[in-house]
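This is run-v5.txt (compact mmCIF, C-alpha atoms).
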```txt
# COMPACT_ATOMS: atom_id res chain seq x y z
CA MET A 1 -24.99 10.05 -2.46
CA SER A 2 -24.04 9.09 -6.00
CA GLU A 3 -22.85 12.65 -6.54
CA ALA A 4 -20.47 12.22 -3.59
CA LYS A 5 -19.31 8.94 -5.07
CA ASP A 6 -18.58 10.63 -8.40
CA ARG A 7 -16.61 13.37 -6.67
CA ILE A 8 -14.60 10.82 -4.68
CA ASP A 9 -14.03 8.83 -7.84
CA SER A 10 -12.56 11.83 -9.65
CA LEU A 11 -10.37 12.78 -6.66
CA VAL A 12 -9.00 9.26 -6.44
CA LYS A 13 -8.36 9.05 -10.17
CA ALA A 14 -6.91 12.53 -10.60
CA ASN A 15 -4.26 12.14 -7.88
CA ASP A 16 -1.61 9.43 -7.67
CA VAL A 17 -1.45 9.76 -3.90
CA VAL A 18 -4.45 11.16 -2.07
CA LEU A 19 -5.19 11.13 1.65
CA PHE A 20 -8.71 11.67 3.00
CA MET A 21 -8.09 13.13 6.44
CA LYS A 22 -9.43 15.27 9.27
CA GLY A 23 -7.92 18.73 9.04
CA SER A 24 -5.11 19.92 6.83
CA VAL A 25 -1.45 18.96 6.37
CA LEU A 26 -0.42 21.85 8.61
CA PHE A 27 -3.23 21.40 11.10
CA PRO A 28 -4.38 17.79 11.31
CA GLN A 29 -7.40 17.51 13.61
CA CYS A 30 -6.83 13.96 14.79
CA GLY A 31 -3.81 11.92 15.88
CA PHE A 32 -4.39 9.27 13.24
CA SER A 33 -4.57 11.82 10.43
CA SER A 34 -1.46 13.46 11.81
CA ARG A 35 0.39 10.14 11.77
CA ALA A 36 -0.72 9.50 8.18
CA VAL A 37 0.59 12.90 7.05
CA ALA A 38 3.91 12.29 8.84
CA ILE A 39 4.32 9.00 6.97
CA LEU A 40 3.61 10.62 3.60
CA ASP A 41 6.03 13.43 4.43
CA HIS A 42 8.72 10.83 5.04
CA LEU A 43 8.06 9.24 1.67
CA GLY A 44 8.92 12.51 -0.01
CA VAL A 45 6.39 12.14 -2.81
CA PRO A 46 3.82 14.77 -3.73
CA PHE A 47 0.41 14.03 -2.26
CA GLU A 48 -3.02 15.58 -2.23
CA THR A 49 -5.20 15.76 0.87
CA VAL A 50 -8.95 16.12 1.25
CA ASP A 51 -10.23 17.52 4.55
CA VAL A 52 -13.40 15.56 5.26
CA LEU A 53 -14.33 17.94 8.08
CA GLN A 54 -14.97 20.57 5.42
CA ASP A 55 -17.27 18.34 3.42
CA GLN A 56 -19.92 16.26 5.12
CA GLU A 57 -20.89 14.49 1.89
CA ILE A 58 -17.36 13.25 1.33
CA ARG A 59 -16.95 12.41 5.01
CA THR A 60 -19.92 10.02 4.87
CA GLY A 61 -19.38 9.00 1.26
CA ILE A 62 -15.76 7.89 1.60
CA LYS A 63 -16.68 5.38 4.29
CA GLU A 64 -19.10 3.66 1.93
CA TYR A 65 -16.87 4.08 -1.09
CA SER A 66 -14.01 2.23 0.60
CA ASP A 67 -16.12 0.04 2.90
CA TRP A 68 -13.92 1.39 5.68
CA PRO A 69 -15.31 2.95 8.87
CA THR A 70 -12.57 5.40 9.82
CA ILE A 71 -10.58 8.40 8.60
CA PRO A 72 -7.76 8.77 7.44
CA GLN A 73 -7.86 6.73 4.25
CA LEU A 74 -5.07 6.54 1.70
CA TYR A 75 -5.46 5.94 -2.02
CA VAL A 76 -2.48 5.31 -4.29
CA LYS A 77 -2.99 5.17 -8.04
CA GLY A 78 -6.71 4.69 -7.66
CA GLU A 79 -6.43 1.81 -5.20
CA PHE A 80 -7.47 1.90 -1.55
CA VAL A 81 -4.39 1.19 0.58
CA GLY A 82 -5.84 1.44 4.08
CA GLY A 83 -5.89 3.59 7.20
CA SER A 84 -3.01 4.80 9.34
CA ASP A 85 -2.25 1.41 10.94
CA ILE A 86 -1.81 -0.26 7.57
CA MET A 87 0.18 2.75 6.33
CA MET A 88 2.54 2.40 9.30
CA GLU A 89 2.98 -1.36 8.82
CA MET A 90 3.65 -0.90 5.12
CA PHE A 91 6.01 2.00 5.75
CA GLU A 92 8.03 -0.03 8.25
CA SER A 93 8.28 -2.98 5.87
CA GLY A 94 9.20 -0.76 2.91
CA GLU A 95 6.08 -1.75 0.94
CA LEU A 96 4.63 1.74 0.93
CA GLN A 97 7.82 3.19 -0.54
CA GLN A 98 7.65 0.61 -3.33
CA LEU A 99 3.98 1.26 -3.95
CA VAL A 100 4.34 5.00 -4.45
CA ALA A 101 7.55 4.62 -6.47
CA ALA A 102 6.15 1.97 -8.82
CA MET B 1 -19.47 6.24 25.09
CA PRO B 2 -16.52 4.02 25.87
CA MET B 3 -16.47 0.29 25.35
CA ALA B 4 -14.81 -2.18 27.69
CA ALA B 5 -11.92 -4.24 26.35
CA HIS B 6 -13.74 -7.51 27.01
CA GLU B 7 -16.73 -6.32 24.91
CA ILE B 8 -14.41 -5.72 21.98
CA GLU B 9 -12.83 -9.12 22.44
CA GLU B 10 -16.21 -10.86 22.69
CA LEU B 11 -17.49 -9.25 19.49
CA ILE B 12 -14.37 -10.26 17.59
CA LEU B 13 -14.51 -13.82 18.94
CA ALA B 14 -18.20 -14.13 18.05
CA ALA B 15 -17.34 -13.47 14.40
CA LEU B 16 -13.91 -15.15 14.31
CA PRO B 17 -14.12 -17.97 16.88
CA ASP B 18 -10.60 -19.28 16.22
CA ALA B 19 -8.99 -15.88 16.76
CA THR B 20 -6.37 -14.98 19.30
CA VAL B 21 -7.18 -11.47 20.47
CA GLU B 22 -4.89 -9.24 22.51
CA ILE B 23 -6.25 -5.88 23.56
CA ARG B 24 -4.41 -3.04 25.22
CA ASP B 25 -6.07 0.04 26.68
CA LEU B 26 -3.64 2.68 25.44
CA ALA B 27 -4.69 5.67 27.48
CA GLY B 28 -6.44 3.97 30.39
CA ASP B 29 -9.63 5.81 29.47
CA GLY B 30 -11.56 2.91 27.97
CA ASP B 31 -11.66 4.73 24.64
CA HIS B 32 -8.28 4.26 22.97
CA TYR B 33 -7.35 0.67 22.31
CA ALA B 34 -4.84 -1.33 20.36
CA ALA B 35 -5.75 -4.84 19.26
CA ARG B 36 -3.78 -7.62 17.69
CA VAL B 37 -5.92 -10.31 16.10
CA VAL B 38 -4.56 -13.56 14.72
CA SER B 39 -6.98 -15.81 12.86
CA LYS B 40 -7.00 -18.46 10.18
CA SER B 41 -9.78 -16.48 8.49
CA PHE B 42 -7.14 -13.97 7.43
CA GLU B 43 -5.19 -16.45 5.34
CA GLY B 44 -4.86 -15.31 1.75
CA LEU B 45 -6.45 -11.91 2.43
CA ASN B 46 -4.67 -8.60 2.06
CA ARG B 47 -4.50 -6.26 5.08
CA VAL B 48 -7.50 -4.20 4.01
CA LYS B 49 -9.71 -7.29 3.81
CA GLN B 50 -8.34 -8.58 7.14
CA HIS B 51 -9.19 -5.32 8.87
CA GLN B 52 -12.60 -5.22 7.19
CA LEU B 53 -13.41 -8.60 8.77
CA VAL B 54 -12.62 -7.20 12.20
CA TYR B 55 -14.59 -4.00 11.57
CA ARG B 56 -17.53 -6.09 10.43
CA ALA B 57 -17.29 -8.13 13.64
CA LEU B 58 -17.55 -4.87 15.57
CA GLY B 59 -20.81 -4.24 13.76
CA GLY B 60 -20.61 -0.55 12.97
CA ARG B 61 -19.22 0.49 16.35
CA MET B 62 -15.88 1.39 14.82
CA GLY B 63 -15.81 5.10 14.18
CA GLY B 64 -18.82 5.46 16.46
CA ALA B 65 -18.84 4.08 20.00
CA LEU B 66 -15.27 3.02 19.46
CA HIS B 67 -13.19 6.00 18.42
CA ALA B 68 -9.71 4.63 18.48
CA LEU B 69 -8.68 1.07 17.84
CA GLN B 70 -5.22 0.57 16.44
CA LEU B 71 -5.46 -2.68 14.63
CA GLU B 72 -2.89 -5.26 13.70
CA THR B 73 -3.99 -8.47 12.02
CA ALA B 74 -2.18 -11.60 10.94
CA ALA B 75 -2.77 -15.17 9.92
CA PRO B 76 -1.13 -17.80 12.15
CA ASP B 77 2.54 -18.56 11.28
CA GLY B 78 3.05 -15.46 9.28
CA ASP B 79 3.17 -11.77 9.67
```
As structure tokens, the full file:
Amino acid sequence: MSEAKDRIDSLVKANDVVLFMKGSVLFPQCGFSSRAVAILDHLGVPFETVDVLQDQEIRTGIKEYSDWPTIPQLYVKGEFVGGSDIMMEMFESGELQQLVAA
Amino acid sequence: MPMAAHEIEELILAALPDATVEIRDLAGDGDHYAARVVSKSFEGLNRVKQHQLVYRALGGRMGGALHALQLETAAPDGD
């Protein structure tokens, strides 16, 4: 478990914007992950994705790491931002744009 | 393993007794819900912490028995 935590830690620190999701950018495997990718596409900033379906350790580990029960999960500059509902609220209010631009 | 809307509401109210809870069954299949929860407990908390309170109230069912719950939270008099 702590190995998963270390791997998540490095992913979160190595990428300014990283989305833990089900599936890939081209083929999201869940409506919520798909919505999260669409929001990031709109922002027009580079982002990294991690497909948790390909990695059971990360899939379980990220839920504990963030204390958050669902996927997708967005991290910006090392900080947990939230899931797709929070992403949508923040996108609509302009906060997400500010956060990634800061 | 769907959950009924009133079960979701009861669990949230048990943890946040002052809350106003509105639940919509999005697909009519008892498995895809949207909830709006307004509670004084959310005052001063960021969105992540607000949602975590609701997830905690659902006691581990989120992501398990309850696949899809779109969540919107707010403190009273503010959004």
For the interface of chain B with chain A (cut-off 12 Å, counting all atoms listed in the file), please tabulate each contacting residue of chain B alongside its nearest pair of atoms and their separation in Å to one decimal, rows sorted by chain and increasing number, as JSON lines.
```
{"residue": "B:His32", "atom": "CA", "partner": "A:Gly31", "partner_atom": "CA", "distance": 11.4}
{"residue": "B:Ala34", "atom": "CA", "partner": "A:Asp85", "partner_atom": "CA", "distance": 10.1}
{"residue": "B:Ala35", "atom": "CA", "partner": "A:Asp85", "partner_atom": "CA", "distance": 11.0}
{"residue": "B:Arg36", "atom": "CA", "partner": "A:Asp85", "partner_atom": "CA", "distance": 11.4}
{"residue": "B:Asn46", "atom": "CA", "partner": "A:Val81", "partner_atom": "CA", "distance": 9.9}
{"residue": "B:Arg47", "atom": "CA", "partner": "A:Ile86", "partner_atom": "CA", "distance": 7.0}
{"residue": "B:Val48", "atom": "CA", "partner": "A:Gly82", "partner_atom": "CA", "distance": 5.9}
{"residue": "B:Lys49", "atom": "CA", "partner": "A:Gly82", "partner_atom": "CA", "distance": 9.6}
{"residue": "B:Gln50", "atom": "CA", "partner": "A:Ile86", "partner_atom": "CA", "distance": 10.6}
{"residue": "B:His51", "atom": "CA", "partner": "A:Trp68", "partner_atom": "CA", "distance": 8.8}
{"residue": "B:Gln52", "atom": "CA", "partner": "A:Trp68", "partner_atom": "CA", "distance": 6.9}
{"residue": "B:Leu53", "atom": "CA", "partner": "A:Trp68", "partner_atom": "CA", "distance": 10.5}
{"residue": "B:Val54", "atom": "CA", "partner": "A:Trp68", "partner_atom": "CA", "distance": 10.9}
{"residue": "B:Tyr55", "atom": "CA", "partner": "A:Pro69", "partner_atom": "CA", "distance": 7.5}
{"residue": "B:Arg56", "atom": "CA", "partner": "A:Pro69", "partner_atom": "CA", "distance": 9.4}
{"residue": "B:Leu58", "atom": "CA", "partner": "A:Pro69", "partner_atom": "CA", "distance": 10.5}
{"residue": "B:Gly59", "atom": "CA", "partner": "A:Pro69", "partner_atom": "CA", "distance": 10.3}
{"residue": "B:Gly60", "atom": "CA", "partner": "A:Pro69", "partner_atom": "CA", "distance": 7.6}
{"residue": "B:Arg61", "atom": "CA", "partner": "A:Pro69", "partner_atom": "CA", "distance": 8.8}
{"residue": "B:Met62", "atom": "CA", "partner": "A:Pro69", "partner_atom": "CA", "distance": 6.2}
{"residue": "B:Gly63", "atom": "CA", "partner": "A:Thr70", "partner_atom": "CA", "distance": 5.4}
{"residue": "B:Gly64", "atom": "CA", "partner": "A:Pro69", "partner_atom": "CA", "distance": 8.7}
{"residue": "B:Ala65", "atom": "CA", "partner": "A:Pro69", "partner_atom": "CA", "distance": 11.7}
{"residue": "B:Leu66", "atom": "CA", "partner": "A:Thr70", "partner_atom": "CA", "distance": 10.3}
{"residue": "B:His67", "atom": "CA", "partner": "A:Thr70", "partner_atom": "CA", "distance": 8.6}
{"residue": "B:Ala68", "atom": "CA", "partner": "A:Phe32", "partner_atom": "CA", "distance": 8.8}
{"residue": "B:Leu69", "atom": "CA", "partner": "A:Asp85", "partner_atom": "CA", "distance": 9.4}
{"residue": "B:Gln70", "atom": "CA", "partner": "A:Asp85", "partner_atom": "CA", "distance": 6.3}
{"residue": "B:Leu71", "atom": "CA", "partner": "A:Asp85", "partner_atom": "CA", "distance": 6.4}
{"residue": "B:Glu72", "atom": "CA", "partner": "A:Asp85", "partner_atom": "CA", "distance": 7.2}
{"residue": "B:Thr73", "atom": "CA", "partner": "A:Ile86", "partner_atom": "CA", "distance": 9.6}
{"residue": "B:Ala74", "atom": "CA", "partner": "A:Glu89", "partner_atom": "CA", "distance": 11.7}
{"residue": "B:Asp79", "atom": "CA", "partner": "A:Glu89", "partner_atom": "CA", "distance": 10.4}
```
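We find atom CA of Glu9 of chain B and atom CA of Gly61 of chain A to be spaced 28.6 Å apart.
The space separating atom CA of Ser34 of chain A from atom CA of Gln98 of chain A comes to 21.8 Å.
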* Within 12 Å of segment 39-51 of chain A, counting all atoms listed in the file, which residues qualify if same-chain residues fewer than 3 places away don't, as number ranges by chain? -> A: 7-8, 11-30, 32-36, 54-59, 62, 71-77, 83-92, 94-102
* **Radius query 12 Å about (-15.7, -15.3, 19.4), atoms used: only C-alpha atoms, as number ranges by chain** => B: 6-21, 37, 39, 54, 57-58
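Relative to atom CA of Leu45 of chain B, atom CA of Asp77 of chain B is found at 14.3 Å.
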* To do: Pull the neighbourhood of (-18.7, 5.7, 27.1) for me: all residues within 10 Å in file coordinates, counting all atoms listed in the file, as number ranges by chain.
  => B: 1-4, 29-31, 65-66
Reconstruct N, CA and C atoms of segment 41-75 of chain A from the incomplete input and present them as a short mmCIF file (atom, residue, chain, number, x, y, z; two decimals), in the coordinates of the input.
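So the final result, stored in part-v9.cif, reads:
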```cif
data_model
loop_
_atom_site.label_atom_id
_atom_site.label_comp_id
_atom_site.auth_asym_id
_atom_site.auth_seq_id
_atom_site.Cartn_x
_atom_site.Cartn_y
_atom_site.Cartn_z
N ASP A 41 4.92 12.48 4.46
CA ASP A 41 6.03 13.43 4.43
C ASP A 41 7.37 12.70 4.32
N HIS A 42 7.50 11.63 5.07
CA HIS A 42 8.72 10.83 5.04
C HIS A 42 8.98 10.22 3.67
N LEU A 43 7.90 9.88 2.98
CA LEU A 43 8.06 9.24 1.67
C LEU A 43 8.64 10.22 0.65
N GLY A 44 8.37 11.50 0.88
CA GLY A 44 8.92 12.51 -0.01
C GLY A 44 8.29 12.54 -1.40
N VAL A 45 7.08 12.03 -1.52
CA VAL A 45 6.39 12.14 -2.81
C VAL A 45 5.27 13.18 -2.68
N PRO A 46 4.93 13.81 -3.81
CA PRO A 46 3.82 14.77 -3.73
C PRO A 46 2.52 14.04 -3.38
N PHE A 47 1.71 14.63 -2.54
CA PHE A 47 0.41 14.03 -2.26
C PHE A 47 -0.66 15.09 -2.07
N GLU A 48 -1.86 14.71 -2.37
CA GLU A 48 -3.02 15.58 -2.23
C GLU A 48 -3.76 15.17 -0.96
N THR A 49 -4.36 16.14 -0.27
CA THR A 49 -5.20 15.76 0.87
C THR A 49 -6.60 16.34 0.69
N VAL A 50 -7.56 15.65 1.25
CA VAL A 50 -8.95 16.12 1.25
C VAL A 50 -9.39 16.17 2.70
N ASP A 51 -9.79 17.36 3.16
CA ASP A 51 -10.23 17.52 4.55
C ASP A 51 -11.71 17.16 4.63
N VAL A 52 -12.00 16.00 5.22
CA VAL A 52 -13.40 15.56 5.26
C VAL A 52 -14.24 16.38 6.23
N LEU A 53 -13.57 17.11 7.14
CA LEU A 53 -14.33 17.94 8.08
C LEU A 53 -14.97 19.14 7.37
N GLN A 54 -14.43 19.46 6.19
CA GLN A 54 -14.97 20.57 5.42
C GLN A 54 -16.08 20.12 4.47
N ASP A 55 -16.35 18.85 4.43
CA ASP A 55 -17.27 18.34 3.42
C ASP A 55 -18.00 17.11 3.94
N GLN A 56 -19.17 17.33 4.48
CA GLN A 56 -19.92 16.26 5.12
C GLN A 56 -20.25 15.12 4.14
N GLU A 57 -20.54 15.49 2.89
CA GLU A 57 -20.89 14.49 1.89
C GLU A 57 -19.74 13.52 1.64
N ILE A 58 -18.55 14.09 1.54
CA ILE A 58 -17.36 13.25 1.33
C ILE A 58 -17.06 12.45 2.59
N ARG A 59 -17.24 13.09 3.74
CA ARG A 59 -16.95 12.41 5.01
C ARG A 59 -17.78 11.13 5.14
N THR A 60 -19.05 11.20 4.81
CA THR A 60 -19.92 10.02 4.87
C THR A 60 -19.65 9.12 3.67
N GLY A 61 -19.51 9.75 2.51
CA GLY A 61 -19.38 9.00 1.26
C GLY A 61 -18.13 8.13 1.19
N ILE A 62 -17.02 8.63 1.73
CA ILE A 62 -15.76 7.89 1.60
C ILE A 62 -15.82 6.59 2.39
N LYS A 63 -16.59 6.59 3.48
CA LYS A 63 -16.68 5.38 4.29
C LYS A 63 -17.39 4.26 3.52
N GLU A 64 -18.40 4.65 2.76
CA GLU A 64 -19.10 3.66 1.93
C GLU A 64 -18.27 3.28 0.71
N TYR A 65 -17.66 4.30 0.13
CA TYR A 65 -16.87 4.08 -1.09
C TYR A 65 -15.78 3.03 -0.85
N SER A 66 -15.11 3.13 0.29
CA SER A 66 -14.01 2.23 0.60
C SER A 66 -14.44 1.02 1.42
N ASP A 67 -15.69 1.02 1.91
CA ASP A 67 -16.12 0.04 2.90
C ASP A 67 -15.14 0.02 4.08
N TRP A 68 -14.92 1.20 4.62
CA TRP A 68 -13.92 1.39 5.68
C TRP A 68 -14.48 2.43 6.65
N PRO A 69 -14.53 2.10 7.97
CA PRO A 69 -15.31 2.95 8.87
C PRO A 69 -14.60 4.19 9.40
N THR A 70 -13.30 4.31 9.15
CA THR A 70 -12.57 5.40 9.82
C THR A 70 -11.79 6.26 8.83
N ILE A 71 -11.42 7.44 9.31
CA ILE A 71 -10.58 8.40 8.60
C ILE A 71 -9.28 8.44 9.39
N PRO A 72 -8.11 8.55 8.84
CA PRO A 72 -7.76 8.77 7.44
C PRO A 72 -7.86 7.52 6.54
N GLN A 73 -7.87 7.79 5.25
CA GLN A 73 -7.86 6.73 4.25
C GLN A 73 -6.92 7.15 3.12
N LEU A 74 -6.05 6.23 2.75
CA LEU A 74 -5.07 6.54 1.70
C LEU A 74 -5.40 5.79 0.41
N TYR A 75 -5.35 6.54 -0.69
CA TYR A 75 -5.46 5.94 -2.02
C TYR A 75 -4.17 6.20 -2.79
#
```
